[in-house]
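J.: What follows is work.cif, made up of mmCIF, C-alpha atoms and all ligand atoms:
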```
data_upload
loop_
_atom_site.label_atom_id
_atom_site.label_comp_id
_atom_site.auth_asym_id
_atom_site.auth_seq_id
_atom_site.Cartn_x
_atom_site.Cartn_y
_atom_site.Cartn_z
CA MET W 1 10.51 -7.12 -0.59
CA TYR W 2 8.97 -9.10 -3.38
CA THR W 3 8.41 -7.21 -6.65
CA PRO W 4 6.23 -8.86 -9.31
CA PRO W 5 8.29 -8.91 -12.54
CA ALA W 6 5.48 -7.66 -14.82
CA THR W 7 5.05 -3.89 -15.24
CA ILE W 8 2.51 -1.61 -16.94
CA ASP W 9 3.47 1.96 -17.79
CA ASN W 10 0.95 4.81 -18.00
CA GLU W 11 0.86 4.77 -21.81
CA GLU W 12 0.00 1.05 -21.93
CA LEU W 13 -2.64 1.42 -19.21
CA VAL W 14 -4.25 4.41 -20.93
CA GLU W 15 -4.22 2.66 -24.32
CA ALA W 16 -6.16 -0.29 -22.85
CA PHE W 17 -8.52 2.01 -20.93
CA ASN W 18 -9.27 4.11 -24.01
CA ALA W 19 -9.90 0.96 -26.10
CA TYR W 20 -12.38 -0.12 -23.39
CA VAL W 21 -14.04 3.33 -23.52
CA ALA W 22 -14.36 3.18 -27.34
CA LEU W 23 -15.91 -0.31 -27.12
CA TYR W 24 -18.31 0.78 -24.35
CA ASN W 25 -19.43 3.91 -26.17
CA GLU W 26 -19.91 1.95 -29.43
CA ARG W 27 -21.98 -0.73 -27.68
CA HIS W 28 -24.11 1.84 -25.88
CA ALA W 29 -24.34 4.30 -28.80
CA ASP W 30 -28.15 4.22 -28.99
CA GLU W 31 -28.67 4.71 -25.22
CA ILE W 32 -26.06 7.51 -25.25
CA ALA W 33 -27.88 9.19 -28.19
CA ARG W 34 -31.21 8.93 -26.31
CA GLY W 35 -29.62 10.42 -23.18
CA GLU W 36 -30.23 7.24 -21.15
CA CYS W 37 -26.53 6.55 -20.62
CA VAL W 38 -23.49 8.82 -20.26
CA ALA W 39 -20.62 8.35 -22.72
CA LEU W 40 -17.32 7.45 -21.04
CA GLU W 41 -14.40 9.87 -21.37
CA PRO W 42 -10.85 8.82 -22.27
CA SER W 43 -7.94 8.81 -19.82
CA ALA W 44 -4.59 10.57 -20.38
CA SER W 45 -1.10 9.56 -19.27
CA ALA W 46 -0.01 13.22 -18.94
CA PHE W 47 -2.85 13.75 -16.39
CA ILE W 48 -1.88 10.64 -14.45
CA GLU W 49 1.75 11.66 -14.00
CA LYS W 50 0.89 15.27 -13.15
CA ALA W 51 -1.93 14.42 -10.71
CA SER W 52 -0.18 11.53 -8.94
CA GLY W 53 3.54 11.24 -9.80
CA ILE W 54 2.97 7.66 -11.01
CA LYS W 55 4.79 6.51 -14.16
CA ARG W 56 4.36 2.72 -14.01
CA ARG W 57 3.34 -0.07 -11.66
CA HIS W 58 4.34 -3.70 -11.01
CA VAL W 59 1.45 -6.16 -11.24
CA ILE W 60 0.83 -9.86 -10.68
CA ASP W 61 -0.76 -10.09 -14.16
CA ARG W 62 -0.51 -7.69 -17.10
CA GLU W 63 -2.53 -9.38 -19.81
CA GLY W 64 -5.93 -9.43 -18.06
CA ILE W 65 -5.62 -5.78 -17.00
CA LEU W 66 -4.67 -4.67 -20.52
CA ASP W 67 -7.43 -6.67 -22.25
CA PRO W 68 -10.22 -4.14 -23.03
CA GLU W 69 -12.77 -6.97 -22.94
CA ARG W 70 -11.64 -7.99 -19.42
CA MET W 71 -10.10 -5.05 -17.49
CA CYS W 72 -8.99 -7.05 -14.45
CA PRO W 73 -6.03 -9.30 -13.67
CA SER W 74 -6.17 -12.91 -14.79
CA ILE W 75 -5.03 -14.96 -11.78
CA PRO W 76 -5.90 -18.67 -12.09
CA ASP W 77 -7.61 -20.30 -9.14
CA ARG W 78 -5.34 -22.66 -7.21
CA GLY W 79 -6.20 -25.91 -5.47
CA ASN W 80 -6.18 -26.10 -1.66
CA ASP W 81 -2.98 -28.17 -1.85
CA GLN W 82 -1.17 -25.28 -3.58
CA PRO W 83 0.30 -22.22 -1.81
CA SER W 84 -1.88 -19.13 -2.20
CA VAL W 85 -0.62 -16.19 -4.29
CA GLN W 86 -0.21 -14.06 -1.16
CA CYS W 87 1.70 -16.85 0.57
CA ASP W 88 4.12 -17.13 -2.37
CA MET W 89 4.82 -13.38 -2.29
CA ALA W 90 5.17 -13.36 1.50
CA VAL W 91 7.66 -16.22 1.59
CA VAL W 92 10.03 -14.45 -0.83
CA ALA W 93 9.86 -11.17 1.13
CA CYS W 94 10.25 -12.91 4.53
CA ASN W 95 13.27 -14.93 3.37
CA GLU W 96 14.93 -11.73 2.14
CA ALA W 97 14.18 -9.93 5.42
CA LEU W 98 15.67 -12.83 7.42
CA ALA W 99 18.77 -12.98 5.20
CA GLN W 100 19.33 -9.21 5.60
CA ALA W 101 18.98 -9.52 9.37
CA GLY W 102 21.30 -12.56 9.46
CA ARG W 103 18.53 -14.69 10.99
CA THR W 104 16.85 -17.99 10.18
CA VAL W 105 13.25 -19.12 10.68
CA ALA W 106 14.37 -20.79 13.93
CA ASP W 107 14.88 -17.29 15.40
CA VAL W 108 11.28 -16.22 14.67
CA ASP W 109 8.19 -17.18 16.69
CA ALA W 110 5.40 -15.00 15.25
CA VAL W 111 4.10 -13.91 11.85
CA ILE W 112 1.67 -11.05 11.22
CA VAL W 113 0.22 -10.73 7.71
CA ALA W 114 -0.88 -7.10 7.59
CA CYS W 115 -2.45 -5.89 4.33
CA SER W 116 -5.46 -4.20 2.70
CA ASN W 117 -7.10 -7.28 1.26
CA LEU W 118 -6.81 -10.97 2.05
CA GLN W 119 -7.49 -13.38 -0.75
CA ARG W 120 -9.70 -15.58 1.41
CA ALA W 121 -11.52 -15.45 4.73
CA TYR W 122 -9.80 -18.42 6.39
CA PRO W 123 -7.61 -20.18 7.28
CA ALA W 124 -5.52 -17.07 8.02
CA VAL W 125 -2.95 -16.42 5.28
CA SER W 126 -0.40 -15.72 8.04
CA ILE W 127 -0.75 -19.30 9.35
CA GLU W 128 -0.15 -20.59 5.83
CA VAL W 129 2.97 -18.37 5.59
CA GLN W 130 4.11 -19.58 9.03
CA ALA W 131 3.79 -23.21 7.85
CA ALA W 132 5.45 -22.53 4.49
CA LEU W 133 8.45 -20.99 6.28
CA GLY W 134 8.50 -23.66 9.03
CA ILE W 135 8.11 -21.24 11.96
CA GLN W 136 7.11 -22.47 15.43
CA GLY W 137 4.81 -20.09 17.31
CA PHE W 138 1.71 -18.15 16.29
CA ALA W 139 0.40 -16.08 13.40
CA TYR W 140 -2.54 -13.85 12.60
CA ASP W 141 -3.88 -11.59 9.84
CA MET W 142 -4.83 -7.96 10.24
CA ASN W 143 -6.17 -5.21 7.98
CA VAL W 144 -6.03 -1.45 8.47
CA ALA W 145 -5.90 -0.67 4.71
CA CYS W 146 -2.88 1.49 3.79
CA SER W 147 -1.78 1.61 7.42
CA SER W 148 -1.69 -2.18 7.86
CA ALA W 149 2.12 -2.42 7.91
CA THR W 150 2.69 0.35 10.47
CA PHE W 151 -0.15 -0.93 12.69
CA GLY W 152 1.42 -4.38 12.26
CA LEU W 153 4.75 -2.91 13.40
CA GLN W 154 3.13 -1.62 16.58
CA ALA W 155 1.55 -5.05 17.18
CA ALA W 156 4.99 -6.65 16.72
CA VAL W 157 6.64 -4.13 19.07
CA ASN W 158 3.93 -4.86 21.68
CA ALA W 159 4.47 -8.64 21.36
CA VAL W 160 8.25 -8.31 21.73
CA GLU W 161 7.92 -5.85 24.64
CA ASN W 162 5.39 -7.91 26.57
CA GLY W 163 7.27 -11.15 25.89
CA THR W 164 4.58 -13.02 23.92
CA ALA W 165 7.11 -13.28 21.07
CA LYS W 166 10.86 -12.85 20.75
CA ALA W 167 10.95 -12.06 17.02
CA VAL W 168 8.05 -11.17 14.73
CA LEU W 169 7.83 -11.02 10.94
CA VAL W 170 5.39 -8.35 9.71
CA VAL W 171 4.61 -9.10 6.07
CA SER W 172 2.38 -7.13 3.69
CA PRO W 173 1.43 -8.97 0.49
CA GLU W 174 -0.50 -6.23 -1.31
CA ILE W 175 -2.33 -7.35 -4.47
CA CYS W 176 -4.02 -4.00 -5.09
CA SER W 177 -4.78 -4.88 -8.73
CA GLY W 178 -7.26 -7.45 -7.40
CA HIS W 179 -9.58 -4.78 -6.03
CA LEU W 180 -8.90 -1.82 -8.34
CA ASN W 181 -11.63 -0.87 -10.83
CA PHE W 182 -9.63 -0.65 -14.07
CA THR W 183 -12.72 0.77 -15.84
CA ASP W 184 -12.90 3.83 -13.53
CA ARG W 185 -11.19 6.85 -15.13
CA ASP W 186 -10.67 8.57 -11.76
CA SER W 187 -8.73 5.72 -10.16
CA HIS W 188 -7.67 3.12 -12.76
CA PHE W 189 -4.03 4.26 -12.57
CA ILE W 190 -3.59 4.48 -8.81
CA PHE W 191 -2.40 1.08 -7.58
CA GLY W 192 0.29 -1.57 -8.07
CA ASP W 193 1.25 -4.88 -6.44
CA ALA W 194 4.20 -5.68 -4.13
CA CYS W 195 5.03 -7.37 -0.84
CA THR W 196 7.26 -6.17 2.01
CA ALA W 197 8.50 -7.91 5.15
CA ILE W 198 10.09 -6.55 8.33
CA LEU W 199 11.68 -8.42 11.24
CA VAL W 200 11.09 -6.96 14.73
CA GLU W 201 13.34 -8.32 17.49
CA ARG W 202 14.34 -7.55 21.08
CA ASP W 203 17.02 -4.89 21.31
CA SER W 204 19.29 -7.25 23.26
CA ASP W 205 19.17 -9.83 20.43
CA VAL W 206 20.39 -7.42 17.74
CA GLU W 207 24.09 -6.94 17.13
CA ALA W 208 25.67 -3.48 17.27
CA ASN W 209 25.40 -1.48 14.02
CA GLN W 210 22.63 -3.78 12.73
CA GLY W 211 19.17 -2.57 11.78
CA PHE W 212 17.14 0.22 13.38
CA ASP W 213 15.85 0.96 16.88
CA ILE W 214 12.12 1.67 17.03
CA LEU W 215 11.93 4.73 19.31
CA GLY W 216 8.14 4.90 19.29
CA THR W 217 4.93 4.23 17.42
CA ARG W 218 1.78 6.36 17.24
CA LEU W 219 -1.50 5.25 15.66
CA VAL W 220 -4.43 7.53 14.82
CA THR W 221 -7.83 6.63 13.31
CA GLN W 222 -10.78 8.80 12.32
CA TYR W 223 -13.85 7.33 10.59
CA SER W 224 -14.44 8.36 6.98
CA ASN W 225 -16.35 6.97 3.98
CA ASN W 226 -14.12 8.78 1.50
CA ILE W 227 -12.09 5.63 0.77
CA ARG W 228 -14.25 2.54 0.80
CA ASN W 229 -14.69 -1.01 -0.52
CA ASN W 230 -17.96 -2.86 0.25
CA PHE W 231 -16.81 -6.26 -0.97
CA GLY W 232 -17.58 -8.86 1.66
CA PHE W 233 -19.23 -12.08 2.71
CA LEU W 234 -22.68 -10.48 3.02
CA ASN W 235 -22.74 -9.41 -0.67
CA ARG W 236 -24.59 -12.58 -1.69
CA GLY W 237 -27.42 -11.53 0.66
CA ASP W 238 -28.48 -8.98 -1.98
CA GLU W 239 -27.79 -10.08 -5.55
CA SER W 240 -28.65 -6.59 -6.88
CA GLY W 241 -25.41 -5.23 -5.44
CA ILE W 242 -23.07 -7.87 -6.88
CA GLY W 243 -20.68 -6.39 -9.45
CA LYS W 244 -21.50 -2.75 -8.54
CA PRO W 245 -18.52 -0.33 -8.40
CA ASP W 246 -18.69 -0.09 -4.60
CA LYS W 247 -17.56 -3.74 -4.38
CA LEU W 248 -14.13 -2.52 -5.54
CA PHE W 249 -12.01 0.45 -4.41
CA ILE W 250 -13.85 3.78 -4.54
CA GLN W 251 -12.71 7.15 -3.21
CA GLN W 252 -13.27 10.90 -3.14
CA GLY W 253 -9.63 11.65 -4.00
CA ARG W 254 -9.80 15.43 -3.54
CA LYS W 255 -11.46 15.16 -0.12
CA VAL W 256 -8.92 12.52 0.96
CA PHE W 257 -6.09 14.78 -0.11
CA LYS W 258 -7.47 17.81 1.77
CA GLU W 259 -8.52 16.01 4.96
CA VAL W 260 -5.65 13.55 5.40
CA SER W 261 -2.62 15.75 4.61
CA PRO W 262 -2.96 18.09 7.64
CA LEU W 263 -3.81 15.16 9.94
CA VAL W 264 -0.63 13.34 8.90
CA ALA W 265 1.59 16.38 9.40
CA GLU W 266 0.07 17.00 12.87
CA THR W 267 0.51 13.33 13.80
CA ILE W 268 4.20 13.30 12.85
CA GLN W 269 4.87 16.60 14.65
CA GLY W 270 3.00 15.47 17.79
CA HIS W 271 4.75 12.12 17.77
CA LEU W 272 8.21 13.68 17.45
CA SER W 273 7.43 16.17 20.21
CA SER W 274 6.27 13.35 22.56
CA LEU W 275 9.69 11.76 22.03
CA SER W 276 11.43 15.13 22.71
CA LEU W 277 12.54 15.26 19.08
CA THR W 278 12.20 18.07 16.55
CA PRO W 279 11.46 17.87 12.80
CA GLU W 280 14.93 19.37 12.21
CA SER W 281 16.49 16.26 13.74
CA LEU W 282 14.94 14.00 11.08
CA ARG W 283 17.27 12.73 8.40
CA ARG W 284 14.44 11.05 6.46
CA MET W 285 10.67 10.66 6.13
CA TRP W 286 9.52 7.43 4.52
CA LEU W 287 5.96 8.48 3.75
CA HIS W 288 3.05 6.43 2.44
CA GLN W 289 3.18 6.49 -1.34
CA ALA W 290 -0.27 7.51 -2.65
CA ASN W 291 0.32 10.84 -4.32
CA LEU W 292 3.49 12.89 -4.96
CA ASN W 293 1.81 16.27 -4.39
CA MET W 294 0.36 15.01 -1.11
CA ASN W 295 3.79 13.84 0.11
CA GLN W 296 5.39 17.17 -0.82
CA LEU W 297 2.67 19.05 1.09
CA ILE W 298 2.99 16.83 4.19
CA ALA W 299 6.81 17.08 4.21
CA ARG W 300 6.56 20.88 3.83
CA ARG W 301 4.12 21.12 6.75
CA VAL W 302 6.35 18.97 8.97
CA LEU W 303 9.63 20.70 8.13
CA GLY W 304 8.34 24.24 7.50
CA ARG W 305 10.08 24.20 4.11
CA ASP W 306 10.25 22.01 1.00
CA ALA W 307 11.85 18.61 1.60
CA THR W 308 14.60 17.39 -0.71
CA ALA W 309 14.20 14.08 -2.58
CA GLU W 310 16.76 12.68 -0.14
CA GLU W 311 14.71 13.75 2.90
CA ALA W 312 11.37 12.39 1.60
CA PRO W 313 12.15 9.74 -1.02
CA VAL W 314 9.55 8.75 -3.62
CA ILE W 315 8.99 5.30 -5.11
CA LEU W 316 5.55 6.11 -6.54
CA ASP W 317 6.92 6.63 -10.03
CA GLU W 318 8.04 2.98 -10.21
CA TYR W 319 5.49 1.18 -7.99
CA ALA W 320 2.37 3.44 -7.85
CA ASN W 321 0.36 3.11 -4.61
CA THR W 322 1.03 -0.33 -3.14
CA SER W 323 -1.16 0.42 -0.11
CA SER W 324 0.55 -0.53 3.17
CA ALA W 325 3.71 -1.73 1.40
CA GLY W 326 4.43 1.81 0.09
CA SER W 327 6.16 3.47 3.05
CA ILE W 328 8.06 0.23 3.73
CA ILE W 329 9.28 0.05 0.11
CA ALA W 330 10.50 3.65 0.47
CA PHE W 331 12.29 2.62 3.69
CA HIS W 332 13.71 -0.54 2.09
CA LYS W 333 15.12 1.31 -0.92
CA HIS W 334 16.34 4.41 0.93
CA LYS W 335 17.87 3.38 4.25
CA ASP W 336 21.37 2.08 3.55
CA ASP W 337 23.04 5.49 3.41
CA LEU W 338 21.96 6.40 6.96
CA ALA W 339 24.73 6.62 9.59
CA THR W 340 24.54 5.37 13.17
CA GLY W 341 22.27 7.68 15.18
CA ASP W 342 20.39 9.07 12.14
CA LEU W 343 16.66 9.50 12.79
CA GLY W 344 13.73 8.89 10.49
CA VAL W 345 9.98 8.43 10.51
CA ILE W 346 7.99 5.80 8.62
CA CYS W 347 4.44 7.14 8.20
CA SER W 348 1.46 5.53 6.52
CA PHE W 349 -1.98 7.01 5.87
CA GLY W 350 -5.10 5.87 4.11
CA ALA W 351 -8.56 4.36 4.37
CA GLY W 352 -10.24 4.47 7.75
CA TYR W 353 -8.87 7.13 7.93
CA SER W 354 -5.82 5.54 9.51
CA ILE W 355 -2.36 6.98 10.20
CA GLY W 356 0.62 5.09 11.60
CA SER W 357 3.84 6.84 12.60
CA VAL W 358 6.99 4.87 13.51
CA VAL W 359 10.11 6.79 14.58
CA VAL W 360 13.34 4.86 14.02
CA ARG W 361 17.05 5.42 14.64
CA ARG W 362 19.89 3.75 12.73
CA ARG W 363 21.85 1.54 15.11
N1 LIG E 1 -7.41 11.18 -17.37
C1 LIG E 1 -7.63 12.46 -17.72
N2 LIG E 1 -8.33 13.33 -16.95
C2 LIG E 1 -8.84 12.88 -15.78
C3 LIG E 1 -8.64 11.55 -15.36
C4 LIG E 1 -7.91 10.67 -16.19
N3 LIG E 1 -7.66 9.41 -15.86
N4 LIG E 1 -9.26 11.37 -14.14
C5 LIG E 1 -9.80 12.57 -13.84
N5 LIG E 1 -9.57 13.46 -14.82
C6 LIG E 1 -10.00 14.87 -14.88
C7 LIG E 1 -11.28 15.10 -14.11
O1 LIG E 1 -12.40 14.85 -14.92
C8 LIG E 1 -11.15 16.57 -13.71
O2 LIG E 1 -11.54 17.35 -14.83
P1 LIG E 1 -12.27 18.80 -14.60
O3 LIG E 1 -11.27 19.64 -13.87
O4 LIG E 1 -12.55 19.24 -15.99
O5 LIG E 1 -13.49 18.49 -13.78
C9 LIG E 1 -9.63 16.76 -13.53
O6 LIG E 1 -9.01 15.69 -14.25
C10 LIG E 1 -9.21 16.73 -12.06
O7 LIG E 1 -9.78 15.56 -11.42
P2 LIG E 1 -9.61 15.27 -9.89
O8 LIG E 1 -10.01 16.48 -9.11
O9 LIG E 1 -10.27 13.96 -9.57
O10 LIG E 1 -8.01 15.04 -9.85
P3 LIG E 1 -7.01 15.25 -8.66
O11 LIG E 1 -6.08 16.32 -8.99
O12 LIG E 1 -7.69 15.31 -7.33
O13 LIG E 1 -6.19 13.88 -8.72
C11 LIG E 1 -6.04 11.81 -7.49
C12 LIG E 1 -6.83 12.65 -8.51
C13 LIG E 1 -4.71 11.48 -8.12
C14 LIG E 1 -6.83 10.55 -7.21
C15 LIG E 1 -5.81 12.61 -6.20
O14 LIG E 1 -7.01 13.21 -5.76
C16 LIG E 1 -5.24 11.79 -5.06
O15 LIG E 1 -4.29 11.04 -5.20
N6 LIG E 1 -5.78 11.98 -3.87
C17 LIG E 1 -5.28 11.30 -2.68
C18 LIG E 1 -5.95 10.00 -2.62
C19 LIG E 1 -5.30 9.09 -1.62
O16 LIG E 1 -4.27 9.29 -1.08
N7 LIG E 1 -5.96 8.02 -1.43
C20 LIG E 1 -5.46 7.04 -0.57
C21 LIG E 1 -6.14 5.84 -0.99
S1 LIG E 1 -5.16 4.50 -0.77
C22 LIG E 1 -5.68 3.63 0.63
O17 LIG E 1 -6.05 4.09 1.62
C23 LIG E 1 -5.63 2.16 0.51
C24 LIG E 1 -7.01 1.64 0.33
C25 LIG E 1 -6.94 0.18 0.26
C26 LIG E 1 -6.20 -0.32 -0.95
C27 LIG E 1 -7.09 -0.44 -2.11
C28 LIG E 1 -6.39 -1.16 -3.24
C29 LIG E 1 -7.19 -1.15 -4.55
#
```
Written as structure tokens, that's how I'd like the structure from this file.
T.:
Amino acid sequence: MYTPPATIDNEELVEAFNAYVALYNERHADEIARGECVALEPSASAFIEKASGIKRRHVIDREGILDPERMCPSIPDRGNDQPSVQCDMAVVACNEALAQAGRTVADVDAVIVACSNLQRAYPAVSIEVQAALGIQGFAYDMNVACSSATFGLQAAVNAVENGTAKAVLVVSPEICSGHLNFTDRDSHFIFGDACTAILVERDSDVEANQGFDILGTRLVTQYSNNIRNNFGFLNRGDESGIGKPDKLFIQQGRKVFKEVSPLVAETIQGHLSSLSLTPESLRRMWLHQANLNMNQLIARRVLGRDATAEEAPVILDEYANTSSAGSIIAFHKHKDDLATGDLGVICSFGAGYSIGSVVVRRR
């Protein structure tokens, strides 16, 4: 994985948010007094940690986010002859994945960039990453929001199984700070930035005791407007909508929590059962990292009891929600203690709604 070096803890984020709120309320004092405008309310770090489990987040840029006059990352535009920000992140993560697998770029013939937001429409970021790494073959981008990485894993498994590729890099450069509304009290604390990469190869190409077998993948989608972002190429067709909150991340957090949690638990249970496995046989669940309470509820529903921190590890405190990278970061940081034959499930969930379950076994 690639982790941006800069971090923002809850106290720093709340201090900047509350300075923005004071400025806003001061500047709109007359309209607020006349009842034409609603005064903004301050945020609180104690609420953030209790409601979400998040303590800090890594970000591409701190200064812009913490500037009460700006409230968004400051990421300078780059010329077309420079690598894009997402390409830079992806190359670091891919090189680490290859080194861990004992492979070189010559062993890889496909790249899938799977993430929530791409920094441009075209050319595909994945093709830029492919060129930057020097990989022969093909590449494409895909987006299924928080489930991009697990859906990307299934696409990679399909390619390896049907022979269109022999080894596929699935890379998720998530710059969530780019589309988070840092002036929205309900969600300003939710996201962080990171990039993960996974190498998927044919079973016969992997040495004994190396990596994980993918026993199966299961994808589920169900349409919902409860997590939405209307930013897109048609925005300029109606200038009145430009800059409105719906052109960034918006959600009905409570509804998401209530609707998605049971769906995720059912998906994992159904997936395990289709593989003739039981929840008791799981050594670990690497769940999507959006909300600590949500993960505890899902793990409890799957296992029929509370999960230990070892059974359902949490990286939210350090990284916040990194969209599709979250469950893969949990996997990356909490996989080395597994013994040959140990079973686990990587499970993402998020906008769409979309759920991706990947059952793996330590080789
Ligand atoms: N500080 C202090 N108080 C606050 C704050 C704040 N910052 N925000 C809200 N409050 C108050 C509210 O006003 C409310 O007060 P009252 O009870 O008096 O009305 C009280 O706290 C409770 O508010 P909520 O009901 O909103 O709080 P919740 O307990 O529901 O917690 C969460 C909010 C943390 C957002 C929670 O609902 C949650 O995490 N839900 C799950 C959401 C989820 O998993 N979403 C997944 C989205 S991620 C995804 O799919 C990827 C999308 C693509 C990536 C986008 C990148 C930007």
J.: For stretch 261-346 of chain W against stretch 40-62 of chain W, with a cut-off of 7 Å and counting only C-alpha atoms, what is the closest atom pair and its distance in Å to one decimal for every residue that makes the cut, ordered by chain and number, as a Markdown table?
T.:
```
| residue | atom | partner | partner_atom | distance |
| --- | --- | --- | --- | --- |
| W:Asn291 | CA | W:Ser52 | CA | 4.7 |
| W:Leu292 | CA | W:Gly53 | CA | 5.1 |
| W:Asn293 | CA | W:Ser52 | CA | 6.9 |
| W:Leu316 | CA | W:Ile54 | CA | 5.4 |
| W:Asp317 | CA | W:Ile54 | CA | 4.2 |
| W:Glu318 | CA | W:Arg56 | CA | 5.3 |
| W:Tyr319 | CA | W:Arg57 | CA | 4.4 |
| W:Ala320 | CA | W:Arg57 | CA | 5.3 |
```
J.: Kindly work out which residues sit at most 6 Å from ligand LIG 1 (chain E), using all atoms listed in the file, and give the list as a tab-separated table (two decimals) with C-alpha atoms, keeping the file's coordinate frame.
T.:
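Contents of result.tsv, freshly written:
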```
chain	number	residue	atom	x	y	z
W	43	SER	CA	-7.94	8.81	-19.82
W	44	ALA	CA	-4.59	10.57	-20.38
W	47	PHE	CA	-2.85	13.75	-16.39
W	51	ALA	CA	-1.93	14.42	-10.71
W	52	SER	CA	-0.18	11.53	-8.94
W	116	SER	CA	-5.46	-4.20	2.70
W	145	ALA	CA	-5.90	-0.67	4.71
W	146	CYS	CA	-2.88	1.49	3.79
W	176	CYS	CA	-4.02	-4.00	-5.09
W	179	HIS	CA	-9.58	-4.78	-6.03
W	180	LEU	CA	-8.90	-1.82	-8.34
W	185	ARG	CA	-11.19	6.85	-15.13
W	186	ASP	CA	-10.67	8.57	-11.76
W	187	SER	CA	-8.73	5.72	-10.16
W	249	PHE	CA	-12.01	0.45	-4.41
W	253	GLY	CA	-9.63	11.65	-4.00
W	254	ARG	CA	-9.80	15.43	-3.54
W	256	VAL	CA	-8.92	12.52	0.96
W	257	PHE	CA	-6.09	14.78	-0.11
W	290	ALA	CA	-0.27	7.51	-2.65
W	291	ASN	CA	0.32	10.84	-4.32
W	323	SER	CA	-1.16	0.42	-0.11
W	350	GLY	CA	-5.10	5.87	4.11
W	351	ALA	CA	-8.56	4.36	4.37
```
J.: Emit as AutoDock Vina command-line options the padded axis-aligned box for all listed atoms of stretch 310-329 of chain W, 3 Å per side, with centre and edge lengths in Å to one decimal.
T.:
```
--center_x 7.8 --center_y 6.0 --center_z -3.2 --size_x 23.9 --size_y 21.5 --size_z 19.9
```
J.: Could you pull the residues within 9 Å of W:Ile346, counting all atoms listed in the file, minus those fewer than 6 positions along the same chain, as a list in words?
T.: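 My reading of the contact set: Thr150, Arg284, Met285, Trp286, Leu287, His288, Ser327, Ile328, Ala330, Phe331, Gly356, Ser357, Val358, Val359 and Val360 of chain W.
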J.: Would you work out the distance separating atom CA of W:Ser354 from atom CA of W:Gly216, expressed in Å to one decimal?
T.: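 Answer for the atom CA of W:Ser354 to atom CA of W:Gly216 separation: 17.1 Å.
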J.: Using all atoms listed in the file, which of W:Leu303, W:Ala156, W:Leu199, W:Asn10 sits nearest W:Glu266?
T.: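 Among W:Leu303, W:Ala156, W:Leu199, W:Asn10, it is W:Leu303 that comes nearest to W:Glu266.
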J.: So, counting all atoms listed in the file, which residue among W:Ser274, W:Ser147, W:Gln119, W:Gln289 is closest to W:Asn321?
T.: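 Smallest separation from W:Asn321 among the options: W:Gln289.
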J.: Which residue, W:Ala132, W:Ala265, W:Ala155, W:Ala29, has the smallest gap to W:Gly304 when you use only C-alpha atoms?
T.: W:Ala265
J.: Interatomic distance between atom CA of W:Gln296 and atom CA of W:Pro5?
T.: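 About the pair atom CA of W:Gln296 and atom CA of W:Pro5: they are 28.7 Å apart.
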J.: Excluding same-chain residues fewer than 6 positions from stretch 231-238 of chain W, what lies within 12 Å of it counting only C-alpha atoms, as a PyMOL selection string?
T.: chain W and resi 117-122+178-180+244-250
